[in-house]
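The structure file coords.cif is reproduced below (mmCIF, C-alpha atoms).
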data_data
loop_
_atom_site.group_PDB
_atom_site.id
_atom_site.type_symbol
_atom_site.label_atom_id
_atom_site.label_comp_id
_atom_site.auth_asym_id
_atom_site.auth_seq_id
_atom_site.Cartn_x
_atom_site.Cartn_y
_atom_site.Cartn_z
ATOM 1 C CA MET A 11 33.183 -1.800 23.258
ATOM 2 C CA ARG A 12 29.816 -3.535 23.373
ATOM 3 C CA CYS A 13 26.494 -2.682 21.793
ATOM 4 C CA ALA A 14 24.353 -1.009 24.484
ATOM 5 C CA ILE A 15 21.452 -3.319 23.611
ATOM 6 C CA CYS A 16 22.533 -6.713 22.238
ATOM 7 C CA GLN A 17 25.830 -6.647 24.179
ATOM 8 C CA ARG A 18 27.772 -8.086 21.226
ATOM 9 C CA GLU A 19 31.391 -7.078 20.818
ATOM 10 C CA ASP A 20 31.996 -8.568 17.361
ATOM 11 C CA LEU A 21 30.087 -5.943 15.337
ATOM 12 C CA PRO A 22 31.020 -2.367 14.442
ATOM 13 C CA LEU A 23 29.384 0.267 16.626
ATOM 14 C CA THR A 24 27.365 3.210 15.357
ATOM 15 C CA ARG A 25 26.264 6.427 17.002
ATOM 16 C CA GLU A 26 22.558 6.056 17.658
ATOM 17 C CA HIS A 27 20.540 9.224 18.064
ATOM 18 C CA VAL A 28 18.216 8.083 20.835
ATOM 19 C CA PHE A 29 15.542 10.461 19.564
ATOM 20 C CA ALA A 30 15.280 10.181 15.774
ATOM 21 C CA ARG A 31 15.573 13.240 13.556
ATOM 22 C CA TRP A 32 11.968 12.944 12.335
ATOM 23 C CA LEU A 33 10.806 12.999 15.964
ATOM 24 C CA THR A 34 12.892 15.989 17.062
ATOM 25 C CA GLN A 35 11.726 17.871 13.963
ATOM 26 C CA ARG A 36 8.085 16.944 14.553
ATOM 27 C CA VAL A 37 7.961 17.937 18.208
ATOM 28 C CA GLY A 38 10.800 20.462 18.244
ATOM 29 C CA SER A 39 13.436 19.655 20.835
ATOM 30 C CA ALA A 40 17.028 20.417 19.969
ATOM 31 C CA GLY A 41 18.400 19.162 23.304
ATOM 32 C CA ALA A 42 16.987 15.666 22.860
ATOM 33 C CA SER A 43 18.644 15.356 19.451
ATOM 34 C CA ARG A 44 22.038 15.361 21.180
ATOM 35 C CA VAL A 45 21.440 12.213 23.227
ATOM 36 C CA ILE A 46 23.726 9.601 21.663
ATOM 37 C CA ALA A 47 24.322 5.933 22.481
ATOM 38 C CA SER A 48 26.652 3.321 21.001
ATOM 39 C CA VAL A 49 24.790 0.454 19.373
ATOM 40 C CA CYS A 50 25.899 -2.018 16.754
ATOM 41 C CA ALA A 51 25.067 -1.451 13.117
ATOM 42 C CA GLU A 52 22.910 -4.592 13.109
ATOM 43 C CA CYS A 53 20.652 -3.294 15.909
ATOM 44 C CA ASN A 54 20.593 0.262 14.578
ATOM 45 C CA ALA A 55 19.645 -0.595 10.997
ATOM 46 C CA GLY A 56 17.598 -3.677 11.851
ATOM 47 C CA TRP A 57 15.023 -4.081 14.594
ATOM 48 C CA MET A 58 15.513 -0.536 15.957
ATOM 49 C CA SER A 59 14.719 0.942 12.549
ATOM 50 C CA ALA A 60 11.579 -1.205 12.241
ATOM 51 C CA LEU A 61 10.525 -0.232 15.778
ATOM 52 C CA GLU A 62 10.989 3.448 14.929
ATOM 53 C CA VAL A 63 8.691 3.036 11.895
ATOM 54 C CA ALA A 64 6.025 1.378 14.083
ATOM 55 C CA PHE A 65 6.300 4.124 16.717
ATOM 56 C CA ARG A 66 6.068 6.859 14.078
ATOM 57 C CA ARG A 67 2.890 5.259 12.722
ATOM 58 C CA LEU A 68 1.374 5.205 16.216
ATOM 59 C CA LEU A 69 2.409 8.763 17.001
ATOM 60 C CA THR A 70 1.114 10.295 13.780
ATOM 61 C CA ARG A 71 -2.350 8.767 13.720
ATOM 62 C CA PRO A 72 -5.301 9.915 15.841
ATOM 63 C CA ARG A 73 -5.120 8.639 19.394
ATOM 64 C CA SER A 74 -8.649 7.528 20.144
ATOM 65 C CA GLY A 75 -10.366 4.201 20.611
ATOM 66 C CA PRO A 76 -8.766 0.959 21.765
ATOM 67 C CA ILE A 77 -5.015 0.390 21.841
ATOM 68 C CA ALA A 78 -4.539 -3.005 20.206
ATOM 69 C CA ALA A 79 -2.186 -5.483 21.895
ATOM 70 C CA PRO A 80 0.433 -5.250 19.080
ATOM 71 C CA ASP A 81 0.401 -1.444 19.418
ATOM 72 C CA ARG A 82 0.752 -1.709 23.206
ATOM 73 C CA ALA A 83 3.744 -3.998 22.717
ATOM 74 C CA ALA A 84 5.327 -1.610 20.166
ATOM 75 C CA LEU A 85 4.808 1.386 22.467
ATOM 76 C CA SER A 86 6.231 -0.505 25.450
ATOM 77 C CA ARG A 87 9.226 -1.647 23.470
ATOM 78 C CA TRP A 88 9.951 1.807 21.997
ATOM 79 C CA PHE A 89 9.685 3.534 25.381
ATOM 80 C CA THR A 90 11.842 0.820 26.994
ATOM 81 C CA LYS A 91 14.511 0.977 24.272
ATOM 82 C CA THR A 92 14.573 4.760 24.583
ATOM 83 C CA ALA A 93 14.728 4.718 28.387
ATOM 84 C CA VAL A 94 17.511 2.101 28.383
ATOM 85 C CA LEU A 95 19.580 4.212 25.970
ATOM 86 C CA VAL A 96 18.912 7.445 27.904
ATOM 87 C CA ALA A 97 20.100 5.783 31.114
ATOM 88 C CA ASP A 98 23.082 4.230 29.333
ATOM 89 C CA ALA A 99 24.091 7.606 27.864
ATOM 90 C CA GLN A 100 24.144 8.948 31.434
ATOM 91 C CA GLY A 101 26.252 6.054 32.721
ATOM 92 C CA ALA A 102 23.380 4.258 34.473
ATOM 93 C CA ALA A 103 21.704 0.897 33.889
ATOM 94 C CA LEU A 104 17.907 0.867 33.778
ATOM 95 C CA VAL A 105 17.932 -2.767 32.630
ATOM 96 C CA GLU A 106 20.894 -4.917 33.557
ATOM 97 C CA PRO A 107 23.096 -5.670 30.532
ATOM 98 C CA ALA A 108 22.353 -9.421 30.567
ATOM 99 C CA ARG A 109 18.620 -8.725 30.002
ATOM 100 C CA ARG A 110 18.996 -6.079 27.281
ATOM 101 C CA PRO A 111 19.381 -8.474 24.311
ATOM 102 C CA ALA A 112 15.721 -9.494 24.822
ATOM 103 C CA LEU A 113 14.789 -6.075 23.398
ATOM 104 C CA THR A 114 16.005 -7.218 19.975
ATOM 105 C CA ARG A 115 12.975 -9.534 19.738
ATOM 106 C CA GLY A 116 10.519 -8.335 22.397
ATOM 107 C CA MET A 117 10.470 -7.048 25.951
ATOM 108 C CA PRO A 118 12.985 -8.013 28.624
ATOM 109 C CA ASP A 119 11.790 -9.614 31.851
ATOM 110 C CA GLY A 120 11.606 -7.460 34.943
ATOM 111 C CA VAL A 121 10.468 -4.234 33.232
ATOM 112 C CA GLU A 122 7.256 -2.271 33.760
ATOM 113 C CA VAL A 123 5.978 0.543 31.560
ATOM 114 C CA PHE A 124 3.269 2.981 32.634
ATOM 115 C CA ILE A 125 1.673 5.482 30.275
ATOM 116 C CA ALA A 126 -0.459 8.603 30.658
ATOM 117 C CA ARG A 127 -1.489 11.568 28.546
ATOM 118 C CA ARG A 128 -0.414 15.078 29.383
ATOM 119 C CA ARG A 129 -2.855 17.931 29.300
ATOM 120 C CA ARG A 130 -0.154 20.423 28.380
ATOM 121 C CA ALA A 131 2.537 18.955 26.196
ATOM 122 C CA THR A 132 5.439 21.226 27.121
ATOM 123 C CA PRO A 133 8.131 20.313 26.529
ATOM 124 C CA ARG A 134 6.873 18.113 23.743
ATOM 125 C CA LEU A 135 9.922 15.850 23.863
ATOM 126 C CA GLY A 136 11.922 15.142 26.976
ATOM 127 C CA TYR A 137 13.287 12.639 29.418
ATOM 128 C CA ALA A 138 14.342 12.384 33.046
ATOM 129 C CA ARG A 139 16.181 9.761 35.045
ATOM 130 C CA ASN A 140 14.478 9.687 38.423
ATOM 131 C CA SER A 141 16.031 9.083 41.845
ATOM 132 C CA ASP A 142 14.332 5.662 42.052
ATOM 133 C CA GLY A 143 16.196 4.541 38.894
ATOM 134 C CA SER A 144 13.171 4.810 36.620
ATOM 135 C CA VAL A 145 13.225 6.851 33.428
ATOM 136 C CA ALA A 146 10.385 9.086 32.252
ATOM 137 C CA VAL A 147 10.081 9.811 28.537
ATOM 138 C CA SER A 148 7.626 12.345 27.140
ATOM 139 C CA VAL A 149 6.685 12.547 23.489
ATOM 140 C CA ASP A 150 4.029 14.969 22.333
ATOM 141 C CA ASP A 151 1.072 14.392 24.702
ATOM 142 C CA LEU A 152 2.318 10.998 25.963
ATOM 143 C CA LEU A 153 4.309 10.386 29.123
ATOM 144 C CA ALA A 154 5.782 6.968 29.888
ATOM 145 C CA HIS A 155 7.619 5.744 32.974
ATOM 146 C CA VAL A 156 9.900 2.733 32.548
ATOM 147 C CA ALA A 157 11.333 0.939 35.576
ATOM 148 C CA ALA A 158 12.356 -2.367 37.023
ATOM 149 C CA THR A 159 9.349 -4.379 38.176
ATOM 150 C CA GLY A 160 8.068 -3.164 41.540
ATOM 151 C CA VAL A 161 9.919 0.168 41.558
ATOM 152 C CA LEU A 162 6.949 2.298 40.472
ATOM 153 C CA VAL A 163 4.430 1.302 43.090
ATOM 154 C CA SER A 164 2.430 4.523 42.722
ATOM 155 C CA ALA A 165 3.282 5.527 39.151
ATOM 156 C CA GLN A 166 1.142 8.092 37.453
ATOM 157 C CA GLY A 167 -0.398 6.329 34.523
ATOM 158 C CA THR A 168 -1.823 3.026 33.453
ATOM 159 C CA ARG A 169 0.285 -0.092 33.196
ATOM 160 C CA LEU A 170 1.128 -0.569 29.532
ATOM 161 C CA TRP A 171 3.550 -3.471 30.104
ATOM 162 C CA PRO A 172 3.303 -6.260 31.052
ATOM 163 C CA LEU A 173 0.225 -6.461 28.880
ATOM 164 C CA ARG A 174 -2.990 -6.578 30.821
ATOM 165 C CA THR A 175 -5.900 -8.720 29.784
ATOM 166 C CA HIS A 176 -8.452 -5.929 29.650
ATOM 167 C CA ALA A 177 -8.827 -3.516 26.755
ATOM 168 C CA LEU A 178 -6.856 -0.315 27.015
ATOM 169 C CA ARG A 179 -8.186 2.797 25.287
ATOM 170 C CA TRP A 180 -6.485 6.033 24.342
ATOM 171 C CA ASP A 181 -9.541 7.931 25.605
ATOM 172 C CA THR A 182 -9.368 6.457 29.111
ATOM 173 C CA LEU A 183 -5.649 6.917 29.806
ATOM 174 C CA PRO A 184 -5.164 9.098 32.862
ATOM 175 C CA VAL A 185 -4.521 12.729 32.021
ATOM 176 C CA ILE A 186 -1.897 14.501 34.100
ATOM 177 C CA THR A 187 -0.853 18.129 34.153
#

Whole structure, structure tokens version:
Amino acid sequence: MRCAICQREDLPLTREHVFARWLTQRVGSAGASRVIASVCAECNAGWMSALEVAFRRLLTRPRSGPIAAPDRAALSRWFTKTAVLVADAQGAALVEPARRPALTRGMPDGVEVFIARRRRATPRLGYARNSDGSVAVSVDDLLAHVAATGVLVSAQGTRLWPLRTHALRWDTLPVIT
């Protein structure tokens, strides 16, 4: 067995809850807490844990004003990691296995992330693997679509990754219903 992210076979595997307990408790979704993936202990307790802390910080503070480039990178990486593991848990590959190890230190090539805000956040935590191979992940009032580059030609949302040169603001993200 290989780690779903780093693809190493020489480390013990752990059961990764794709949606952390703090998140399922905060936004209340029992179904999402059952999504499990196999990742190595090094990924689970290392960079994935640090990424979860960064995402929690972003999710629990007020969402107004500019989204700094490091925050945009953390959001993109968290949504991509989550979408990759959701697809993997369903037997699909959002990002080909050879590119996944790049997530341990940044973003893999060939991935786009779009983000929008939802007017009505119900359900507050969810995911869907779409027919085009993309994965949508919703958390609270945020909705992200993660896909291979070029798949989401008319995605609802603003491109979060690859980083754009202009300033991105929470207040100006498209709002969808």

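One distance worth recording is that between CA of Arg109 in chain A and CA of Ala138 in chain A, which is 21.8 Å.
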
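CA of Gly38 in chain A to CA of Arg130 in chain A spans 14.9 Å [interatomic distance, one decimal].
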
Edge lengths and centre in Å to one decimal, as AutoDock Vina command-line options, is what I'm after for the box along x, y and z that holds all listed atoms of range 150-169 of chain A once 8 Å is added on each side.
--center_x 5.3 --center_y 5.3 --center_z 32.7 --size_x 30.2 --size_y 35.3 --size_z 36.8

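Going from CA of Arg139 in chain A to CA of Val94 in chain A covers 10.2 Å.
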
Identify all residues satisfying the PyMOL selection byres ((chain A and resi 51-68) around 9) in the given file; provide them as number ranges by chain. A: 13, 15-16, 21-26, 30, 32-33, 49-50, 69-73, 81, 84-85, 87-88, 91, 114-115

Since I can't run it myself right now, could you work out what the PyMOL selection byres ((chain A and resi 174) around 12) selects here and report it as a PDB file with C-alpha atoms, in the coordinates of the input?
ATOM      1  CA  ILE A  77      -5.015   0.390  21.841  1.00  0.00           C
ATOM      2  CA  ALA A  78      -4.539  -3.005  20.206  1.00  0.00           C
ATOM      3  CA  ALA A  79      -2.186  -5.483  21.895  1.00  0.00           C
ATOM      4  CA  ARG A  82       0.752  -1.709  23.206  1.00  0.00           C
ATOM      5  CA  ALA A  83       3.744  -3.998  22.717  1.00  0.00           C
ATOM      6  CA  GLU A 122       7.256  -2.271  33.760  1.00  0.00           C
ATOM      7  CA  VAL A 123       5.978   0.543  31.560  1.00  0.00           C
ATOM      8  CA  PHE A 124       3.269   2.981  32.634  1.00  0.00           C
ATOM      9  CA  THR A 168      -1.823   3.026  33.453  1.00  0.00           C
ATOM     10  CA  ARG A 169       0.285  -0.092  33.196  1.00  0.00           C
ATOM     11  CA  LEU A 170       1.128  -0.569  29.532  1.00  0.00           C
ATOM     12  CA  TRP A 171       3.550  -3.471  30.104  1.00  0.00           C
ATOM     13  CA  PRO A 172       3.303  -6.260  31.052  1.00  0.00           C
ATOM     14  CA  LEU A 173       0.225  -6.461  28.880  1.00  0.00           C
ATOM     15  CA  THR A 175      -5.900  -8.720  29.784  1.00  0.00           C
ATOM     16  CA  HIS A 176      -8.452  -5.929  29.650  1.00  0.00           C
ATOM     17  CA  ALA A 177      -8.827  -3.516  26.755  1.00  0.00           C
ATOM     18  CA  LEU A 178      -6.856  -0.315  27.015  1.00  0.00           C
TER      19      LEU A 178
END

Would you kindly identify which residues have an atom no farther than 12 Å from (7.2, -3.2, 40.1), using only C-alpha atoms and the file's own coordinates, and write them out as a list in words? Asp119, Gly120, Val121, Glu122, Val123, Phe124, Asp142, Gly143, Ser144, His155, Val156, Ala157, Ala158, Thr159, Gly160, Val161, Leu162, Val163, Ser164, Ala165, Arg169, Trp171 and Pro172 of chain A

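Among the candidate residues A:Arg134, A:Arg179, A:Ile125, A:Val185, the one lying nearest to Ser86 in chain A is A:Ile125, with distances computed using only C-alpha atoms.
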
Taking (9.9, 8.0, 30.5) in the file's coordinates as the center, which residues reach within 7 Å of it, counting all atoms listed in the file, put as a VMD selection string? chain A and resid 89 93 137 to 138 145 to 148 153 to 156

Grab the residues selected above and save them as a CSV table (one decimal), keeping the file's coordinate frame with C-alpha atoms.
chain,number,residue,atom,x,y,z
A,89,PHE,CA,9.7,3.5,25.4
A,93,ALA,CA,14.7,4.7,28.4
A,137,TYR,CA,13.3,12.6,29.4
A,138,ALA,CA,14.3,12.4,33.0
A,145,VAL,CA,13.2,6.9,33.4
A,146,ALA,CA,10.4,9.1,32.3
A,147,VAL,CA,10.1,9.8,28.5
A,148,SER,CA,7.6,12.3,27.1
A,153,LEU,CA,4.3,10.4,29.1
A,154,ALA,CA,5.8,7.0,29.9
A,155,HIS,CA,7.6,5.7,33.0
A,156,VAL,CA,9.9,2.7,32.5

Name the residues captured by the PyMOL selection byres ((chain A and resi 108) around 12) when it is applied to the shown file; answer as a list in words. Arg12, Cys13, Ala14, Ile15, Cys16, Gln17, Arg18, Ala103, Leu104, Val105, Glu106, Pro107, Arg109, Arg110, Pro111, Ala112, Leu113, Pro118, Asp119 and Gly120 of chain A

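If you measure from each of A:Ala47, A:Leu183, A:Val149, A:Met11 to Asp98 in chain A using all atoms listed in the file, the closest one turns out to be A:Ala47.
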
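The smallest atom-to-atom distance between Arg44 in chain A and any of A:Leu95, A:Val28, A:Ala126, A:Leu135, using all atoms listed in the file, is found for A:Val28.
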
Excluding same-chain residues fewer than 6 positions from Ile186 in chain A, what lies within 7 Å of it counting all atoms listed in the file, as a ChimeraX atom specification? /A:126-129
